[in-house]
$ cat final_3.cif   # mmCIF, C-alpha atoms and all ligand atoms
data_input
#
loop_
_atom_site.label_atom_id
_atom_site.label_comp_id
_atom_site.auth_asym_id
_atom_site.auth_seq_id
_atom_site.Cartn_x
_atom_site.Cartn_y
_atom_site.Cartn_z
CA MET A 15 70.85 104.61 111.70
CA PRO A 16 72.55 106.11 108.61
CA VAL A 17 76.34 106.47 108.74
CA ARG A 18 77.66 110.00 108.18
CA CYS A 19 80.33 110.65 105.58
CA SER A 20 83.56 112.05 107.02
CA CYS A 21 82.74 115.40 105.35
CA GLY A 22 79.98 115.75 107.99
CA VAL A 23 77.59 117.23 105.41
CA ARG A 24 75.95 114.14 103.91
CA ASN A 25 75.22 110.54 104.79
CA ALA A 26 77.64 107.92 103.48
CA THR A 27 76.40 105.93 100.49
CA LEU A 28 79.37 103.60 99.97
CA LYS A 29 82.29 101.91 101.70
CA ARG A 30 85.57 102.61 99.92
CA PRO A 31 87.08 99.27 98.83
CA LYS A 32 90.66 100.50 99.25
CA THR A 33 90.40 101.91 102.76
CA GLY A 34 87.02 100.84 104.16
CA HIS A 35 86.04 104.50 104.75
CA ALA A 36 82.33 105.34 104.62
CA LEU A 37 81.86 108.16 102.09
CA CYS A 38 79.18 110.01 100.20
CA LYS A 39 79.39 109.91 96.41
CA GLU A 40 80.77 113.45 96.09
CA CYS A 41 83.63 112.72 98.53
CA PHE A 42 84.36 109.43 96.76
CA TYR A 43 84.70 111.22 93.39
CA LYS A 44 86.99 113.76 95.03
CA VAL A 45 89.37 111.22 96.62
CA PHE A 46 89.36 109.05 93.51
CA GLU A 47 90.28 111.93 91.20
CA GLU A 48 92.77 113.47 93.66
CA GLU A 49 94.61 110.14 94.05
CA VAL A 50 95.02 109.85 90.29
CA HIS A 51 96.22 113.47 90.17
CA ARG A 52 98.76 112.69 92.92
CA THR A 53 99.97 109.60 91.02
CA VAL A 54 100.43 111.74 87.92
CA THR A 55 102.28 114.55 89.70
CA ASP A 56 104.39 112.38 92.06
CA GLY A 57 105.35 110.14 89.11
CA ARG A 58 106.09 113.23 86.95
CA ILE A 59 104.30 111.46 84.12
CA PHE A 60 103.58 114.38 81.79
CA LYS A 61 105.34 117.39 80.40
CA ARG A 62 103.30 120.41 79.47
CA GLY A 63 102.46 120.51 75.75
CA GLU A 64 102.71 116.74 75.24
CA THR A 65 100.34 114.91 72.93
CA VAL A 66 99.06 111.90 74.83
CA ALA A 67 97.23 108.89 73.40
CA VAL A 68 94.74 107.27 75.78
CA ALA A 69 94.66 103.56 74.90
CA ALA A 70 90.90 103.08 74.61
CA SER A 71 89.23 99.69 74.43
CA GLY A 72 85.73 100.73 75.49
CA GLY A 73 86.11 98.73 78.73
CA LYS A 74 85.68 100.22 82.21
CA ASP A 75 89.36 101.01 82.87
CA SER A 76 90.06 102.89 79.66
CA THR A 77 86.67 104.65 79.68
CA VAL A 78 87.23 105.92 83.22
CA LEU A 79 90.81 106.82 82.25
CA ALA A 80 89.64 108.92 79.28
CA HIS A 81 87.04 110.62 81.49
CA VAL A 82 89.46 111.35 84.36
CA MET A 83 92.34 112.40 82.09
CA LYS A 84 90.11 114.94 80.35
CA LEU A 85 88.78 116.18 83.68
CA LEU A 86 92.23 116.52 85.36
CA ASN A 87 93.79 118.03 82.24
CA GLU A 88 91.20 120.82 82.43
CA ARG A 89 91.03 121.11 86.23
CA TYR A 90 94.80 121.29 86.78
CA ASP A 91 95.75 122.72 83.41
CA TYR A 92 98.24 119.94 82.53
CA GLY A 93 98.42 121.44 79.04
CA LEU A 94 98.04 118.06 77.30
CA ASN A 95 96.65 117.35 73.89
CA LEU A 96 94.60 114.15 74.38
CA ILE A 97 93.74 111.60 71.66
CA LEU A 98 91.93 108.26 71.89
CA LEU A 99 93.81 105.36 70.31
CA SER A 100 92.10 101.99 69.82
CA VAL A 101 93.27 98.66 68.47
CA ASP A 102 90.87 96.51 66.47
CA GLU A 103 92.04 92.93 66.93
CA GLY A 104 89.31 91.64 64.61
CA ILE A 105 87.28 89.67 67.16
CA THR A 106 83.69 89.34 66.01
CA GLY A 107 81.11 89.73 68.75
CA TYR A 108 83.56 91.44 71.06
CA ARG A 109 85.83 94.11 69.64
CA ASP A 110 83.35 95.26 67.00
CA ASP A 111 80.84 96.00 69.80
CA SER A 112 83.36 97.57 72.16
CA LEU A 113 84.62 99.87 69.39
CA GLU A 114 81.09 101.20 69.09
CA THR A 115 81.42 102.24 72.75
CA VAL A 116 84.74 103.95 71.97
CA ARG A 117 83.10 105.85 69.11
CA ARG A 118 80.40 107.07 71.51
CA ASN A 119 83.11 108.02 74.04
CA GLN A 120 84.78 110.05 71.32
CA GLN A 121 81.60 112.11 70.97
CA GLN A 122 80.99 112.30 74.74
CA TYR A 123 84.54 113.50 75.52
CA ASP A 124 85.02 115.39 72.27
CA LEU A 125 88.45 113.85 71.62
CA PRO A 126 90.00 112.75 68.31
CA LEU A 127 90.01 108.97 67.75
CA LYS A 128 92.34 106.71 65.77
CA ILE A 129 91.56 103.01 65.30
CA ILE A 130 94.32 100.72 64.06
CA SER A 131 93.63 97.11 63.09
CA TYR A 132 95.60 93.86 63.15
CA LYS A 133 94.33 93.19 59.63
CA GLU A 134 95.93 96.33 58.21
CA LEU A 135 99.16 95.88 60.19
CA TYR A 136 99.69 92.12 60.08
CA GLY A 137 97.33 90.79 57.42
CA TRP A 138 95.52 88.66 60.03
CA THR A 139 92.52 89.22 62.30
CA MET A 140 92.34 87.42 65.66
CA ASP A 141 89.36 85.46 64.29
CA GLU A 142 91.64 84.14 61.51
CA ILE A 143 94.50 83.46 63.92
CA VAL A 144 92.23 81.48 66.24
CA GLN A 145 90.99 79.48 63.25
CA GLN A 146 94.61 78.57 62.58
CA ILE A 147 95.95 77.98 66.09
CA GLY A 148 92.84 77.14 68.14
CA LEU A 149 92.14 78.50 71.59
CA LYS A 150 95.55 77.81 73.07
CA ASN A 151 98.20 80.52 72.97
CA ASN A 152 95.81 82.94 71.23
CA CYS A 153 96.43 85.56 73.92
CA THR A 154 100.19 85.32 73.29
CA PHE A 155 99.65 86.38 69.67
CA CYS A 156 97.09 88.98 70.66
CA GLY A 157 99.25 90.49 73.43
CA VAL A 158 102.39 90.76 71.29
CA PHE A 159 100.47 92.20 68.34
CA ARG A 160 98.53 94.67 70.50
CA ARG A 161 101.62 96.02 72.18
CA GLN A 162 103.22 96.71 68.81
CA ALA A 163 99.97 97.95 67.24
CA LEU A 164 99.58 100.59 69.95
CA ASP A 165 103.14 101.77 69.37
CA ARG A 166 102.63 101.91 65.62
CA GLY A 167 99.33 103.78 65.99
CA ALA A 168 101.03 106.19 68.40
CA MET A 169 103.89 106.76 65.94
CA MET A 170 101.43 107.49 63.14
CA LEU A 171 99.76 110.06 65.37
CA ARG A 172 103.17 111.39 66.45
CA VAL A 173 102.20 111.29 70.11
CA ASP A 174 104.74 111.77 72.89
CA ARG A 175 103.25 109.21 75.24
CA ILE A 176 100.60 106.52 75.65
CA VAL A 177 98.57 106.15 78.84
CA THR A 178 96.91 102.82 79.61
CA GLY A 179 94.18 101.86 82.08
CA HIS A 180 96.31 99.30 83.95
CA ASN A 181 95.17 99.44 87.56
CA ALA A 182 96.63 98.33 90.91
CA ASP A 183 94.93 94.90 90.65
CA ASP A 184 96.45 94.29 87.19
CA ILE A 185 99.91 95.21 88.44
CA ALA A 186 99.59 93.11 91.62
CA GLU A 187 98.51 90.13 89.48
CA THR A 188 101.50 90.62 87.22
CA VAL A 189 103.82 90.84 90.25
CA ILE A 190 102.42 87.49 91.49
CA MET A 191 102.80 85.92 88.03
CA ASN A 192 106.38 87.11 87.65
CA ILE A 193 107.32 85.87 91.12
CA LEU A 194 105.77 82.48 90.37
CA ARG A 195 107.76 82.36 87.11
CA GLY A 196 110.95 83.64 88.77
CA ASP A 197 111.08 86.42 86.19
CA ILE A 198 112.80 89.25 88.06
CA ALA A 199 113.57 91.23 84.89
CA ARG A 200 109.86 91.52 84.13
CA LEU A 201 109.11 92.23 87.78
CA GLN A 202 111.24 95.34 87.46
CA ARG A 203 109.29 96.52 84.42
CA CYS A 204 105.77 95.67 85.57
CA THR A 205 105.85 97.91 88.64
CA ALA A 206 107.29 100.94 86.83
CA ILE A 207 104.84 103.80 86.37
CA THR A 208 106.39 104.57 82.98
CA THR A 209 108.00 102.04 80.67
CA GLY A 210 109.31 102.01 77.13
CA THR A 211 111.64 104.96 77.44
CA GLU A 212 114.47 103.04 75.67
CA GLY A 213 113.53 103.41 72.02
CA ALA A 214 109.76 102.90 72.23
CA ILE A 215 107.10 105.49 72.94
CA PRO A 216 106.83 105.90 76.74
CA ARG A 217 103.79 104.26 78.33
CA SER A 218 102.41 105.41 81.63
CA LYS A 219 99.84 104.09 84.07
CA PRO A 220 97.93 106.88 85.88
CA PHE A 221 95.81 104.17 87.62
CA LYS A 222 98.85 102.41 89.06
CA TYR A 223 97.54 102.80 92.62
CA THR A 224 93.81 102.71 91.78
CA TYR A 225 91.77 99.68 92.81
CA GLU A 226 89.70 97.94 90.15
CA LYS A 227 86.63 97.93 92.43
CA GLU A 228 86.86 101.70 92.76
CA ILE A 229 87.10 102.12 88.99
CA VAL A 230 83.91 100.06 88.60
CA MET A 231 82.24 102.08 91.36
CA TYR A 232 83.27 105.39 89.78
CA ALA A 233 82.03 104.30 86.34
CA TYR A 234 78.77 103.08 87.86
CA PHE A 235 77.96 106.17 89.94
CA LYS A 236 79.04 108.54 87.17
CA LYS A 237 76.94 106.52 84.71
CA LEU A 238 79.84 106.32 82.24
CA ASP A 239 79.24 104.54 78.96
CA TYR A 240 81.45 101.44 78.89
CA PHE A 241 81.44 97.93 77.48
CA SER A 242 81.62 95.05 79.95
CA THR A 243 81.50 91.82 77.92
CA GLU A 244 84.51 89.51 78.13
CA CYS A 245 86.51 88.58 75.07
CA VAL A 246 85.12 85.46 73.38
CA TYR A 247 88.67 84.00 73.24
CA SER A 248 89.59 84.69 76.84
CA PRO A 249 91.09 81.60 78.46
CA ASN A 250 94.31 83.17 79.86
CA ALA A 251 94.33 80.49 82.56
CA TYR A 252 97.53 81.53 84.28
CA ARG A 253 96.48 85.14 84.88
CA GLY A 254 93.02 83.86 85.85
CA HIS A 255 94.53 81.85 88.73
CA ALA A 256 96.60 84.85 89.86
CA ARG A 257 93.44 86.98 89.74
CA THR A 258 91.40 84.53 91.80
CA PHE A 259 94.23 84.29 94.34
CA LEU A 260 94.44 88.09 94.57
CA LYS A 261 90.66 88.49 94.96
CA ASP A 262 90.69 85.90 97.77
CA LEU A 263 93.46 87.84 99.52
CA GLU A 264 91.62 91.13 98.99
CA SER A 265 88.44 89.75 100.59
CA ILE A 266 90.43 88.91 103.74
CA ARG A 267 92.60 92.03 103.74
CA PRO A 268 91.85 94.83 101.24
CA THR A 269 95.34 96.31 101.52
CA ALA A 270 96.77 93.07 100.03
CA ILE A 271 96.67 94.61 96.53
CA ILE A 272 98.66 97.70 97.36
CA ASP A 273 101.00 95.67 99.65
CA ILE A 274 101.86 93.26 96.82
CA LEU A 275 102.44 96.20 94.48
CA HIS A 276 104.79 97.85 97.00
CA SER A 277 106.59 94.51 97.54
CA GLY A 278 107.07 94.26 93.76
CA GLU A 279 108.53 97.79 93.73
CA SER A 280 110.99 96.99 96.54
CA MET A 281 112.08 93.72 94.93
CA ALA A 282 112.60 95.51 91.63
CA VAL A 283 115.30 97.82 93.01
CA LYS A 284 117.88 94.99 92.88
CA SER A 285 120.38 96.56 90.54
CA ASP A 286 122.24 93.47 89.31
CA VAL A 287 119.21 92.07 87.44
CA LYS A 288 120.23 91.52 83.82
CA MET A 289 117.85 93.06 81.29
CA PRO A 290 117.84 91.84 77.68
CA THR A 291 119.85 94.08 75.32
CA GLN A 292 117.50 95.96 73.00
CA GLY A 293 118.22 96.25 69.30
CA THR A 294 115.96 96.58 66.30
CA CYS A 295 114.17 93.89 64.30
CA THR A 296 115.98 93.21 61.02
CA ARG A 297 112.65 92.83 59.26
CA CYS A 298 110.38 95.63 60.46
CA GLY A 299 112.65 97.92 62.48
CA TYR A 300 110.67 97.60 65.72
CA ILE A 301 112.60 97.22 69.01
CA ALA A 302 113.73 93.62 69.54
CA SER A 303 116.07 91.72 71.80
CA GLN A 304 116.77 89.16 69.03
CA GLU A 305 117.22 89.36 65.27
CA LEU A 306 113.46 89.31 64.67
CA CYS A 307 110.97 91.01 66.99
CA LYS A 308 108.41 88.76 68.61
CA ALA A 309 105.60 89.95 66.30
CA CYS A 310 107.61 89.16 63.12
CA LEU A 311 108.54 85.75 64.53
CA LEU A 312 104.90 84.95 65.32
CA LEU A 313 103.87 86.20 61.87
CA GLU A 314 106.54 84.08 60.22
CA GLY A 315 105.05 81.04 61.95
CA LEU A 316 101.48 81.98 60.99
CA ASN A 317 102.37 82.66 57.37
CA ARG A 318 104.28 79.38 57.05
CA GLY A 319 101.50 77.36 58.67
CA LEU A 320 103.78 76.77 61.70
CA PRO A 321 101.94 78.83 64.33
CA LYS A 322 103.88 77.40 67.27
CA LEU A 323 107.13 78.80 65.94
CA GLY A 324 107.25 81.86 68.16
CA ILE A 325 105.52 80.38 71.21
CA GLY A 326 107.44 79.91 74.42
CA LYS A 327 111.04 80.83 74.94
CA THR A 328 112.66 81.29 71.53
CA HIS A 329 116.04 79.65 71.55
CA LYS A 330 118.64 81.27 69.38
CA ALA A 331 119.08 78.03 67.43
CA LYS A 332 115.37 78.00 66.55
CA LEU A 333 115.49 81.58 65.37
CA ASP A 334 118.71 81.01 63.43
CA LYS A 335 117.07 78.07 61.69
CA VAL A 336 114.09 80.20 60.67
CA LEU A 337 116.36 82.89 59.28
CA ARG A 338 118.58 80.31 57.50
CA ASP A 339 115.53 78.61 55.98
CA THR A 340 114.07 81.92 54.85
CA LYS A 341 117.37 82.89 53.23
CA GLN A 342 117.66 79.49 51.55
CA MET A 343 114.08 79.72 50.26
CA GLU A 344 114.77 83.16 48.85
CA ASP A 345 117.89 81.85 47.10
CA ASN A 346 116.21 78.75 45.67
CA VAL A 347 112.80 79.90 44.67
CA GLU A 348 112.25 81.28 41.19
CA GLY A 349 109.34 82.13 38.90
CA GLU A 350 105.98 80.96 40.16
CA SER A 351 107.30 79.74 43.49
CA LEU A 352 108.68 83.18 44.08
CA GLU A 353 105.13 84.53 43.98
CA SER A 354 104.02 82.27 46.82
CA LEU A 355 107.08 83.20 48.83
CA LYS A 356 106.27 86.87 48.27
CA HIS A 357 102.88 86.19 49.82
CA ILE A 358 104.61 84.85 52.92
CA GLU A 359 106.76 87.92 53.13
CA THR A 360 104.27 90.62 52.20
CA SER A 361 101.43 89.44 54.38
CA GLY A 362 103.62 89.86 57.42
CA GLY A 363 106.88 91.69 57.72
CA ASP A 364 106.63 93.88 54.65
CA SER A 365 103.27 95.25 55.63
CA LEU A 366 104.91 96.36 58.85
CA LYS A 367 107.74 97.90 56.87
CA ALA A 368 105.24 99.76 54.73
CA VAL A 369 103.65 101.19 57.83
CA SER A 370 106.94 102.10 59.44
CA LEU A 371 107.93 104.09 56.35
CA ASP A 372 104.97 106.38 56.93
CA PHE A 373 106.06 107.41 60.41
FE1 LIG B 1 93.20 89.18 72.90
FE2 LIG B 1 93.19 87.16 74.68
FE3 LIG B 1 92.50 89.65 75.43
FE4 LIG B 1 90.90 88.26 73.82
S1 LIG B 1 91.44 87.74 75.95
S2 LIG B 1 91.48 90.43 73.57
S3 LIG B 1 92.38 87.12 72.58
S4 LIG B 1 94.52 88.97 74.74
#
$ encode --input "final_3.cif" --output "structure tokens" --more "lines below"
Ligand code: SF4
Amino acid sequence: MPVRCSCGVRNATLKRPKTGHALCKECFYKVFEEEVHRTVTDGRIFKRGETVAVAASGGKDSTVLAHVMKLLNERYDYGLNLILLSVDEGITGYRDDSLETVRRNQQQYDLPLKIISYKELYGWTMDEIVQQIGLKNNCTFCGVFRRQALDRGAMMLRVDRIVTGHNADDIAETVIMNILRGDIARLQRCTAITTGTEGAIPRSKPFKYTYEKEIVMYAYFKKLDYFSTECVYSPNAYRGHARTFLKDLESIRPTAIIDILHSGESMAVKSDVKMPTQGTCTRCGYIASQELCKACLLLEGLNRGLPKLGIGKTHKAKLDKVLRDTKQMEDNVEGESLESLKHIETSGGDSLKAVSLDF
């Protein structure tokens, strides 16, 4: 016997992963969209007239985000000027294909699109980085570079804010990872609906309370055009374990995801947690808690053939040594050698400087 949807008009066609309610498709779309709208309004994410970049990778989260942001912006008259912003990491067989999806999304949603690449910003593609460093720590490079690339793209576009497709599962995983690492400072940041207000362009997560399974369901029933292949360099073992653990918990008790997220929020209110002091990178001007920002430190290692330089916790002594050595090299090198040193400098930090001058 078919189960009726709670609207009483139609039969239910799905069971909502978040609540277990039996719903018809129309009611599912409604609750899904209304929950995102409530997250946006309760979190006071936007101000009328803002230009907002939707970080678009072509994957399910960002595709649904672009679709829902456009829909809510029109339905509730948020008054936002939306733009798609994509990062091309230079991963053959993955990002080149997913960017094709983003280009189609641009047509489907009729939104402007800006693509910014690692090659133009850093002088390296991820394919080249992996050739140099292998398949260990590649996601550290990629994550640091992507974070900065999005900010730089957003500055070029002069946007007021970036929205990302991070969902409740992503945040719950990050809460678990930060607890396992004992990293309370990051715990505070990872549960915030908006981050980056101190110096960087604010980033917000309209899907903070949205379950991944519901995003997949929404994309599937709405027949949205998204790319679902995994990155060819995707080991990320630590997050993978946290994800498996979370999925196991979810299968026993679906509210586990939202419960972990709320626990993270309550733990994060501890006020005596020391946050690193933010300054600016002496090389590229990006926000940094040390003399060099993490991206410039990683680039310095890549360009010197010492890719492990910026991996792990950077002790001040290590950083001081890099800066001392660089200074000494600059003092000593003349003529031809100076040319090779220039290569080291220009293929990394200076290209960032060149970009930052355009902002
Ligand atoms: Fe980059 Fe790693 Fe993600 Fe691939 S899996 S896109 S290398 S962070």
$ residues_around --input "final_3.cif" --residues "range 113-121 of chain A" --least-positions-apart "6" --cutoff "7 Å" --atoms "only C-alpha atoms" --output "NGL selection string"
:A and (70-72 or 127 or 239-241)
$ closest_residue --input "final_3.cif" --among "A:Asp102, A:Asp184, A:Glu88, A:Asp174" --to "ligand LIG 1 (chain B)" --atoms "all atoms listed in the file"
A:Asp102
$ atom_distance --input "final_3.cif" --atom1 "CA of Leu323 in chain A" --atom2 "CA of Gly254 in chain A"
24.9 Å
$ residues_near_ligand --input "final_3.cif" --ligand "ligand LIG 1 (chain B)" --cutoff "9 Å" --atoms "all atoms listed in the file" --output "PyMOL selection string"
chain A and resi 103+105+108-109+140-141+144+149+151-158+160+244-250
$ closest_residue --input "final_3.cif" --among "A:Ser303, A:Thr65, A:Thr188, A:Thr243" --to "Arg172 in chain A" --atoms "all atoms listed in the file"
A:Thr65
$ atom_distance --input "final_3.cif" --atom1 "CA of Leu96 in chain A" --atom2 "CA of Pro126 in chain A"
7.7 Å
$ atom_distance --input "final_3.cif" --atom1 "CA of Val173 in chain A" --atom2 "CA of Thr208 in chain A"
15.1 Å
$ residues_around --input "final_3.cif" --residues "Leu316 in chain A" --least-positions-apart "3" --cutoff "10 Å" --atoms "all atoms listed in the file" --output "list in words"
Trp138, Ile143, Gln146, Ile147, Phe155, Cys310, Leu311, Leu312, Leu313, Gly319, Leu320, Pro321, Lys322, Leu323, Gly324, Ile358, Ser361 and Gly362 of chain A
$ build_atoms --input "final_3.cif" --residues "range 28-38 of chain A" --atoms "all heavy atoms" --output "PDB file, in the frame of the given file"
ATOM      1  N   LEU A  28      78.523 104.731 100.389  1.00  0.00           N
ATOM      2  CA  LEU A  28      79.370 103.600  99.970  1.00  0.00           C
ATOM      3  C   LEU A  28      80.525 103.418 100.953  1.00  0.00           C
ATOM      4  O   LEU A  28      80.872 104.336 101.711  1.00  0.00           O
ATOM      5  CB  LEU A  28      79.919 103.857  98.563  1.00  0.00           C
ATOM      6  CG  LEU A  28      80.744 105.127  98.341  1.00  0.00           C
ATOM      7  CD1 LEU A  28      82.224 104.859  98.536  1.00  0.00           C
ATOM      8  CD2 LEU A  28      80.490 105.662  96.942  1.00  0.00           C
ATOM      9  N   LYS A  29      81.090 102.196 100.897  1.00  0.00           N
ATOM     10  CA  LYS A  29      82.290 101.910 101.700  1.00  0.00           C
ATOM     11  C   LYS A  29      83.445 101.799 100.717  1.00  0.00           C
ATOM     12  O   LYS A  29      83.383 100.987  99.788  1.00  0.00           O
ATOM     13  CB  LYS A  29      82.076 100.588 102.433  1.00  0.00           C
ATOM     14  CG  LYS A  29      83.150 100.274 103.429  1.00  0.00           C
ATOM     15  CD  LYS A  29      82.744  99.043 104.221  1.00  0.00           C
ATOM     16  CE  LYS A  29      83.954  98.369 104.795  1.00  0.00           C
ATOM     17  NZ  LYS A  29      83.722  97.039 105.258  1.00  0.00           N
ATOM     18  N   ARG A  30      84.466 102.605 100.885  1.00  0.00           N
ATOM     19  CA  ARG A  30      85.570 102.610  99.920  1.00  0.00           C
ATOM     20  C   ARG A  30      86.317 101.292  99.955  1.00  0.00           C
ATOM     21  O   ARG A  30      86.838 100.896 101.016  1.00  0.00           O
ATOM     22  CB  ARG A  30      86.553 103.721 100.306  1.00  0.00           C
ATOM     23  CG  ARG A  30      86.795 104.698  99.227  1.00  0.00           C
ATOM     24  CD  ARG A  30      87.994 105.548  99.486  1.00  0.00           C
ATOM     25  NE  ARG A  30      88.962 105.303  98.429  1.00  0.00           N
ATOM     26  CZ  ARG A  30      90.164 105.848  98.370  1.00  0.00           C
ATOM     27  NH1 ARG A  30      90.577 106.651  99.312  1.00  0.00           N
ATOM     28  NH2 ARG A  30      90.977 105.564  97.366  1.00  0.00           N
ATOM     29  N   PRO A  31      86.400 100.572  98.821  1.00  0.00           N
ATOM     30  CA  PRO A  31      87.080  99.270  98.830  1.00  0.00           C
ATOM     31  C   PRO A  31      88.539  99.341  99.278  1.00  0.00           C
ATOM     32  O   PRO A  31      89.032  98.442  99.932  1.00  0.00           O
ATOM     33  CB  PRO A  31      86.987  98.818  97.362  1.00  0.00           C
ATOM     34  CG  PRO A  31      85.815  99.535  96.807  1.00  0.00           C
ATOM     35  CD  PRO A  31      85.764 100.850  97.515  1.00  0.00           C
ATOM     36  N   LYS A  32      89.224 100.421  98.959  1.00  0.00           N
ATOM     37  CA  LYS A  32      90.660 100.500  99.250  1.00  0.00           C
ATOM     38  C   LYS A  32      90.946 100.725 100.732  1.00  0.00           C
ATOM     39  O   LYS A  32      91.908 100.184 101.274  1.00  0.00           O
ATOM     40  CB  LYS A  32      91.260 101.657  98.431  1.00  0.00           C
ATOM     41  CG  LYS A  32      92.764 101.710  98.402  1.00  0.00           C
ATOM     42  CD  LYS A  32      93.207 102.771  97.397  1.00  0.00           C
ATOM     43  CE  LYS A  32      94.692 102.849  97.247  1.00  0.00           C
ATOM     44  NZ  LYS A  32      95.073 103.844  96.228  1.00  0.00           N
ATOM     45  N   THR A  33      90.094 101.533 101.384  1.00  0.00           N
ATOM     46  CA  THR A  33      90.400 101.910 102.760  1.00  0.00           C
ATOM     47  C   THR A  33      89.324 101.518 103.765  1.00  0.00           C
ATOM     48  O   THR A  33      89.541 101.562 104.969  1.00  0.00           O
ATOM     49  CB  THR A  33      90.550 103.457 102.849  1.00  0.00           C
ATOM     50  OG1 THR A  33      89.318 104.046 102.396  1.00  0.00           O
ATOM     51  CG2 THR A  33      91.703 103.965 102.006  1.00  0.00           C
ATOM     52  N   GLY A  34      88.132 101.179 103.260  1.00  0.00           N
ATOM     53  CA  GLY A  34      87.020 100.840 104.160  1.00  0.00           C
ATOM     54  C   GLY A  34      86.284 102.069 104.684  1.00  0.00           C
ATOM     55  O   GLY A  34      85.334 101.934 105.454  1.00  0.00           O
ATOM     56  N   HIS A  35      86.703 103.283 104.266  1.00  0.00           N
ATOM     57  CA  HIS A  35      86.040 104.500 104.750  1.00  0.00           C
ATOM     58  C   HIS A  35      84.628 104.618 104.191  1.00  0.00           C
ATOM     59  O   HIS A  35      84.386 104.302 103.019  1.00  0.00           O
ATOM     60  CB  HIS A  35      86.823 105.758 104.337  1.00  0.00           C
ATOM     61  CG  HIS A  35      88.142 105.877 105.031  1.00  0.00           C
ATOM     62  ND1 HIS A  35      89.258 106.432 104.447  1.00  0.00           N
ATOM     63  CD2 HIS A  35      88.532 105.498 106.283  1.00  0.00           C
ATOM     64  CE1 HIS A  35      90.268 106.385 105.289  1.00  0.00           C
ATOM     65  NE2 HIS A  35      89.856 105.825 106.420  1.00  0.00           N
ATOM     66  N   ALA A  36      83.702 105.096 105.066  1.00  0.00           N
ATOM     67  CA  ALA A  36      82.330 105.340 104.620  1.00  0.00           C
ATOM     68  C   ALA A  36      82.266 106.752 104.030  1.00  0.00           C
ATOM     69  O   ALA A  36      82.626 107.727 104.702  1.00  0.00           O
ATOM     70  CB  ALA A  36      81.383 105.219 105.804  1.00  0.00           C
ATOM     71  N   LEU A  37      81.845 106.857 102.772  1.00  0.00           N
ATOM     72  CA  LEU A  37      81.860 108.160 102.090  1.00  0.00           C
ATOM     73  C   LEU A  37      80.552 108.411 101.355  1.00  0.00           C
ATOM     74  O   LEU A  37      79.846 107.464 100.960  1.00  0.00           O
ATOM     75  CB  LEU A  37      82.988 108.193 101.045  1.00  0.00           C
ATOM     76  CG  LEU A  37      84.435 108.085 101.518  1.00  0.00           C
ATOM     77  CD1 LEU A  37      85.361 108.070 100.310  1.00  0.00           C
ATOM     78  CD2 LEU A  37      84.807 109.229 102.438  1.00  0.00           C
ATOM     79  N   CYS A  38      80.266 109.675 101.120  1.00  0.00           N
ATOM     80  CA  CYS A  38      79.180 110.010 100.200  1.00  0.00           C
ATOM     81  C   CYS A  38      79.768 109.988  98.789  1.00  0.00           C
ATOM     82  O   CYS A  38      80.994 109.956  98.625  1.00  0.00           O
ATOM     83  CB  CYS A  38      78.614 111.399 100.530  1.00  0.00           C
ATOM     84  SG  CYS A  38      79.785 112.734 100.324  1.00  0.00           S
TER      85      CYS A  38
END
